[in-house]
Amino acid sequence: MAKTTKAAKIINKLSWKMGGPAGEGIMSAGMIFAKCATRGGLNTYNYIEYPSLIKGGHNTYQVQVGADEVFFVSNKINLLVALDKETIDRHSQELNPGGGIIYDGEKINLDAKDYPQIKLYSVPLEAMALERKNRLLKNTIALGANLALLDYDLEILLSMISDIFKRKGEAIVKMNTDAARAGYDYIKNNFKADFGFKLEKMSNQPKMVISGNEAIACGMQAAGCKFFPAYPMTPATSILHFLKAKERDYNMVVVQTEDEISALAMAIGANYAGVRSATATSGGGFSLMVEHLGLSGITETPVVVVNSQRPGPATGLPTWTEQADLRFLIHAAQGEFSRIILAPGDANEAFYLTAEAFNLAEKYQIPVIVLSDKLLSESYESTDEFDLSKVKIERGEILSDADLASNQNYLRYKITASGISPRSLPGQANGISDTNSDEHDEYGFSTEESEMRIKMMNKRFSKMEAIRKEIIEPKIYGDKKAKITLIGWGSTKKPILESLKLFKEKGIVVRFLHFTYLWPLPEKQIKKILTEKGKTFILENNHDGQLAALIKEITGLEPDHQILKYDGRPFWPEEIVERVRKFI
């Protein structure tokens with residue numbers, strides 16, 4: 001809980017933003033600030049914006065800091081660190097009264113009369129950097145000034161810098177620590193302690209700061225994934241980068257393929273050979289993969305595919321966020337076959353659901369899609385370390401050599417009550433079968449016979465009965481007896497959870513129903529809520545209300561109101577409260 005001092009300072013509750021041109025180290029500085037906060041026992045959520053440009057453009061890094069759990073950032077900020085005038089022009093209107101701007105007064109001319117109720121802190125960032133013969137030190141100097149203004153422990157920042165730059169040598173560490181100290185001292189020597197916000201160290205048990213993509217990659221490692229072929233595509237690319245950097249540590253093979261078609265083909269081939277494998281892309285890359293997704297379906301070869309969504313169609317908005325691929329993924333590839341779609345809402349769910357995706361894929365011998373988006377993939381949050389004891393590896397019905405020794409008539413696609421046929425791996429004696437992309441009989445030989453086609457289609461779809469029993473119903477957050485229910489899926493979880501705090505402040509009792517299993521659609525909980533008294537609102541980052549339409553298609557029921565957003569930006573908690581209140 002945030003508190004105030006005798007001087008009316010707000011303690012450990014801050015909305016912070018740094019902005020400037022690409023190439024100025026905005027992303028690195030923002031991450032360092034967030035990790036400084038978490039090293040002091042505070043909680044953070046980090047939201048990043050950058051344009052779809054090869055070079056240049058305006059970048060921002062926003063961090064919400066709190067003593068209690070922080071779910072999302074606010075659309076209002078308390079402190080703006082501006083490395084150029086454009087940052088002030090674009091974002092000064094986001095400042096709350098009493099907020100402040102740290103800027104380079106020798107490069108940017110600001111008149112205090114134009115910024116009533118905002119405190120201006122001019123620091124000669126570039127001149128101080130050039131004194132140290134490195135213009136890029138501006139962001140380090142700004143970080144030091146920032147910590148001084150917040151009266152936060154400078155030693156935390158200095159230790160962070162040492163950890164980050166020690167591999168580059170002592171001279172680089174000293175240059176950066178000196179720069180941070182210079183910025184800190186400049187604020188302390190030139191400004192009185194009049195800023196209304198302060199950060200205080202709370203404990204010696206810091207949390208890790210991790211992105212959704214990093215959590216997905218860690219989930220793959222924990223699940224025993226040993227082969228990861230992929231082609232770079234924003235916002236999924238950092239999964240490839242993360243795994244490549246760690247491949248020797250985890251005995252993995254990570255390959256950048258020539259295109260997305262090859263990536264899924266290689267992942268399916270590895271899984272066919274018994275090696276847990278996955279790939280990752282965005283919607284455009286997934287579009288290229290769909291024929292091979294059907295190959296996984298008809299050959300009953302397990303595979304995990306991560307689709308990190310961005311706005312389309314075509315190239316769309318490559319570095320922004322959207323939730324518009326759901327209906328596409330349910331029906332992707334020609335024909336019909338069983339599949340599972342999972343949509344984590346935060347880093348923890350990204351880790352555990354990705355690990356579980358491998359179990360589901362192998363158990364049911366189907367493709368499993370982990371559905372993320374730019375917001376989840378590239379935002380960072382503070383969280384406790386993942387509990388590896390919760391990750392169980394279940395490889396499904398893989399026949400041993402002993403099983404096959406007594407089997408003189410192996411049927412790879414044996415028709416069973418569950419629809420799951422025990423599989424052998426290449427090289428096993430008595431486990432030889434034929435596998436191709438045509439319809440086939442129980443041995444795997446191609447067939448066009450009507451009766452066998454019906455049997456095989458029914459076999460593959462009979463798996464869905466068991467899958468439906470295994471999937472997890474959506475989870476309720478907040479007051480379970482509330483008469484106002486917000487419904488969301490995937491990454492809308494974080495802004496909606498933050499909005500629950502704001503509803504509570506206004507005396508409005510609200511609950512939140514969050515879906516992580518999207519296909520097959522879990523029906524029990526949603527039917528119950530949609531038939532109860534009260535108002536229901538579904539929030540989605542797409543134009544068509546895709547989950548709302550899916551709920552109506554499957555259950556015949558629909559939420560009372562749809563709140564949709566498709567400008568490439570996430571929902572802001574304040575925006576959610578405002579839009580819901582219009583109906584209540």
# chains A, B, ... in the order shown; residues from 1 in each chain; ligands from 1

$ residues_around --residues "range 397-408 of chain A" --least-positions-apart "2" --cutoff "8 Å" --atoms "only C-alpha atoms" --output "PDB file with C-alpha atoms, in the first residue's frame"
ATOM      1  CA  GLU A 362       1.993 -35.488 -27.241  1.00  0.00           C
ATOM      2  CA  LYS A 363      -0.858 -36.946 -25.237  1.00  0.00           C
ATOM      3  CA  ARG A 395       4.917 -37.904 -23.312  1.00  0.00           C
ATOM      4  CA  TYR A 410       1.860 -52.697 -35.629  1.00  0.00           C
ATOM      5  CA  ILE A 420      -5.281 -42.006 -29.650  1.00  0.00           C
ATOM      6  CA  SER A 421      -3.098 -44.610 -31.352  1.00  0.00           C
ATOM      7  CA  PRO A 422       0.119 -45.661 -29.587  1.00  0.00           C
ATOM      8  CA  ARG A 423       3.047 -44.483 -31.685  1.00  0.00           C
ATOM      9  CA  SER A 424       6.479 -45.841 -32.358  1.00  0.00           C
ATOM     10  CA  LEU A 425       9.523 -43.748 -33.158  1.00  0.00           C
ATOM     11  CA  GLN A 428      12.331 -49.050 -33.443  1.00  0.00           C
ATOM     12  CA  ALA A 429      12.130 -52.693 -34.466  1.00  0.00           C
ATOM     13  CA  ASN A 430       8.594 -53.882 -35.291  1.00  0.00           C
ATOM     14  CA  GLY A 431       7.429 -50.251 -35.285  1.00  0.00           C
TER      15      GLY A 431
END

$ select_by_dssp --residues "range 117-210 of chain A" --states "strand (DSSP E)" --output "NGL selection string"
:A and (119-122 or 197-198 or 208-210)

$ write_last_selection --atoms "N, CA and C atoms" --output "JSON list (two decimals), in the first residue's frame"
[["chain", "number", "residue", "atom", "x", "y", "z"],
["A", 119, "LYS", "N", 6.40, 20.17, -12.42],
["A", 119, "LYS", "CA", 7.73, 20.60, -12.00],
["A", 119, "LYS", "C", 8.75, 20.26, -13.09],
["A", 120, "LEU", "N", 9.59, 21.23, -13.43],
["A", 120, "LEU", "CA", 10.59, 21.06, -14.48],
["A", 120, "LEU", "C", 11.98, 20.92, -13.88],
["A", 121, "TYR", "N", 12.70, 19.90, -14.31],
["A", 121, "TYR", "CA", 14.04, 19.64, -13.79],
["A", 121, "TYR", "C", 15.02, 19.58, -14.96],
["A", 122, "SER", "N", 15.68, 20.70, -15.19],
["A", 122, "SER", "CA", 16.62, 20.79, -16.31],
["A", 122, "SER", "C", 17.99, 20.23, -15.89],
["A", 197, "PHE", "N", 6.92, 12.52, -5.11],
["A", 197, "PHE", "CA", 6.94, 11.06, -5.14],
["A", 197, "PHE", "C", 8.30, 10.55, -4.68],
["A", 198, "LYS", "N", 8.26, 9.42, -3.99],
["A", 198, "LYS", "CA", 9.49, 8.86, -3.45],
["A", 198, "LYS", "C", 9.42, 7.34, -3.50],
["A", 208, "MET", "N", 12.05, -11.43, -10.14],
["A", 208, "MET", "CA", 12.63, -11.32, -11.47],
["A", 208, "MET", "C", 11.73, -10.46, -12.35],
["A", 209, "VAL", "N", 12.32, -9.83, -13.34],
["A", 209, "VAL", "CA", 11.59, -9.03, -14.33],
["A", 209, "VAL", "C", 11.70, -9.78, -15.65],
["A", 210, "ILE", "N", 10.56, -10.18, -16.20],
["A", 210, "ILE", "CA", 10.57, -11.08, -17.35],
["A", 210, "ILE", "C", 9.46, -10.71, -18.31]]

$ residues_around --residues "Tyr47 in chain A" --least-positions-apart "3" --cutoff "8 Å" --atoms "only C-alpha atoms" --output "PDB file with C-alpha atoms, in the first residue's frame"
ATOM      1  CA  TYR A  61       9.354   2.782 -22.042  1.00  0.00           C
ATOM      2  CA  GLN A  62       6.736   3.064 -19.286  1.00  0.00           C
ATOM      3  CA  VAL A  63       7.047   1.515 -15.822  1.00  0.00           C
ATOM      4  CA  VAL A  73       0.440   0.765 -16.382  1.00  0.00           C
ATOM      5  CA  LEU A 375       1.403  -6.743 -25.430  1.00  0.00           C
ATOM      6  CA  GLU A 378       7.152  -7.729 -25.248  1.00  0.00           C
ATOM      7  CA  SER A 379       5.921  -6.285 -21.951  1.00  0.00           C
ATOM      8  CA  TYR A 380       7.898  -7.047 -18.794  1.00  0.00           C
TER       9      TYR A 380
END

$ residues_around --residues "Lys13 in chain A" --least-positions-apart "2" --cutoff "7 Å" --atoms "only C-alpha atoms" --output "list in words"
Ala2, Ile10, Ile11, Val65, Gly66 and Ala67 of chain A

$ residues_around --residues "Leu42 in chain A" --least-positions-apart "3" --cutoff "10 Å" --atoms "only C-alpha atoms" --output "PyMOL selection string"
chain A and resi 12-13+34-39+65-70+199-203+205-207+382

$ write_last_selection --atoms "C-alpha atoms" --output "PDB file, in the first residue's frame"
ATOM      1  CA  ASN A  12       6.203   3.592  -3.533  1.00  0.00           C
ATOM      2  CA  LYS A  13       3.508   4.373  -6.050  1.00  0.00           C
ATOM      3  CA  ALA A  34      12.435  -1.383 -13.540  1.00  0.00           C
ATOM      4  CA  LYS A  35      15.042  -3.797 -12.205  1.00  0.00           C
ATOM      5  CA  CYS A  36      16.296  -1.146  -9.756  1.00  0.00           C
ATOM      6  CA  ALA A  37      12.762  -0.978  -8.365  1.00  0.00           C
ATOM      7  CA  THR A  38      12.390  -4.753  -8.085  1.00  0.00           C
ATOM      8  CA  ARG A  39      15.810  -5.102  -6.441  1.00  0.00           C
ATOM      9  CA  VAL A  65       5.891   0.845  -9.702  1.00  0.00           C
ATOM     10  CA  GLY A  66       4.041  -0.177  -6.566  1.00  0.00           C
ATOM     11  CA  ALA A  67       4.486  -1.631  -3.115  1.00  0.00           C
ATOM     12  CA  ASP A  68       1.548  -3.971  -3.765  1.00  0.00           C
ATOM     13  CA  GLU A  69       1.115  -6.134  -6.851  1.00  0.00           C
ATOM     14  CA  VAL A  70       1.086  -4.070 -10.040  1.00  0.00           C
ATOM     15  CA  LEU A 199      10.661   5.249  -3.753  1.00  0.00           C
ATOM     16  CA  GLU A 200      11.888   3.347  -0.712  1.00  0.00           C
ATOM     17  CA  LYS A 201      13.541  -0.047  -0.538  1.00  0.00           C
ATOM     18  CA  MET A 202      11.178  -2.567   1.022  1.00  0.00           C
ATOM     19  CA  SER A 203      13.011  -5.891   1.254  1.00  0.00           C
ATOM     20  CA  GLN A 205      13.942 -10.403  -1.801  1.00  0.00           C
ATOM     21  CA  PRO A 206      13.724  -8.990  -5.324  1.00  0.00           C
ATOM     22  CA  LYS A 207      11.508 -10.539  -7.968  1.00  0.00           C
ATOM     23  CA  SER A 382       7.968  -8.499 -11.924  1.00  0.00           C
TER      24      SER A 382
END

$ select_by_dssp --residues "range 179-260 of chain A" --states "alpha helix (DSSP H)" --output "ChimeraX atom specification"
/A:179-190,212-222,237-246,260

$ closest_residue --among "A:Lys533, A:Lys504, A:Arg453, A:Arg412" --to "Asp434 in chain A" --atoms "only C-alpha atoms"
A:Arg412

$ residues_around --residues "Ala417 in chain A" --least-positions-apart "5" --cutoff "9 Å" --atoms "only C-alpha atoms" --output "list in words"
Lys459, Ser462 and Lys463 of chain A

$ closest_residue --among "A:Gly490, A:Gly312, A:Pro495, A:Gly25" --to "Gly212 in chain A" --atoms "only C-alpha atoms"
A:Gly490

$ residues_around --residues "Leu154 in chain A" --least-positions-apart "5" --cutoff "12 Å" --atoms "only C-alpha atoms" --output "list in words"
Phe33, Cys36, Ala37, Arg39, Gly40, Ile141, Leu143, Gly144, Ala145, Asn146, Leu147, Ala148, Leu149, Ser159, Met160, Ile161, Thr177, Asp178, Ala179, Ala180, Arg181, Ala182, Gly183, Tyr184, Asp185, Lys188, Leu199, Glu200 and Lys201 of chain A

$ write_last_selection --atoms "C-alpha atoms" --output "compact mmCIF listing (two decimals), in the first residue's frame"
# COMPACT_ATOMS: atom_id res chain seq x y z
CA PHE A 33 15.00 1.41 -13.88
CA CYS A 36 16.30 -1.15 -9.76
CA ALA A 37 12.76 -0.98 -8.37
CA ARG A 39 15.81 -5.10 -6.44
CA GLY A 40 14.37 -2.92 -3.72
CA ILE A 141 22.99 10.28 -16.45
CA LEU A 143 18.72 7.48 -14.67
CA GLY A 144 20.95 8.83 -11.93
CA ALA A 145 19.01 12.11 -11.93
CA ASN A 146 15.78 10.16 -11.86
CA LEU A 147 16.79 8.17 -8.75
CA ALA A 148 17.90 11.36 -6.99
CA LEU A 149 14.55 13.00 -7.64
CA SER A 159 25.23 -2.45 -8.63
CA MET A 160 22.87 -2.93 -11.58
CA ILE A 161 25.29 -1.14 -13.90
CA THR A 177 28.74 4.32 -12.74
CA ASP A 178 30.46 7.73 -12.79
CA ALA A 179 27.82 9.00 -15.22
CA ALA A 180 24.96 7.73 -13.04
CA ARG A 181 26.51 9.32 -9.95
CA ALA A 182 26.97 12.62 -11.81
CA GLY A 183 23.28 12.73 -12.72
CA TYR A 184 22.31 11.87 -9.16
CA ASP A 185 24.56 14.57 -7.69
CA LYS A 188 20.76 16.79 -5.27
CA LEU A 199 10.66 5.25 -3.75
CA GLU A 200 11.89 3.35 -0.71
CA LYS A 201 13.54 -0.05 -0.54

$ closest_atom_pairs --of "range 299-376 of chain A" --to "range 262-270 of chain A" --cutoff "9 Å" --atoms "only C-alpha atoms" --output "JSON lines"
{"residue": "A:Thr301", "atom": "CA", "partner": "A:Ile268", "partner_atom": "CA", "distance": 6.7}
{"residue": "A:Pro302", "atom": "CA", "partner": "A:Ile268", "partner_atom": "CA", "distance": 7.2}
{"residue": "A:Val303", "atom": "CA", "partner": "A:Ile268", "partner_atom": "CA", "distance": 6.0}
{"residue": "A:Val304", "atom": "CA", "partner": "A:Ala267", "partner_atom": "CA", "distance": 8.3}
{"residue": "A:Val305", "atom": "CA", "partner": "A:Leu264", "partner_atom": "CA", "distance": 8.0}

$ write_last_selection --atoms "C-alpha atoms" --output "mmCIF file, in the first residue's frame"
data_model
loop_
_atom_site.group_PDB
_atom_site.id
_atom_site.type_symbol
_atom_site.label_atom_id
_atom_site.label_comp_id
_atom_site.auth_asym_id
_atom_site.auth_seq_id
_atom_site.Cartn_x
_atom_site.Cartn_y
_atom_site.Cartn_z
ATOM 1 C CA THR A 301 2.183 -35.733 -35.164
ATOM 2 C CA PRO A 302 2.341 -33.532 -32.057
ATOM 3 C CA VAL A 303 3.738 -30.005 -32.404
ATOM 4 C CA VAL A 304 3.597 -26.742 -30.430
ATOM 5 C CA VAL A 305 3.270 -23.454 -32.308
#

$ closest_residue --among "A:Lys528, A:Glu498, A:Glu336, A:Arg569" --to "Met457 in chain A" --atoms "only C-alpha atoms"
A:Glu336

$ closest_residue --among "A:Met128, A:Leu79, A:Leu376, A:Ala215" --to "Asn176 in chain A" --atoms "only C-alpha atoms"
A:Met128
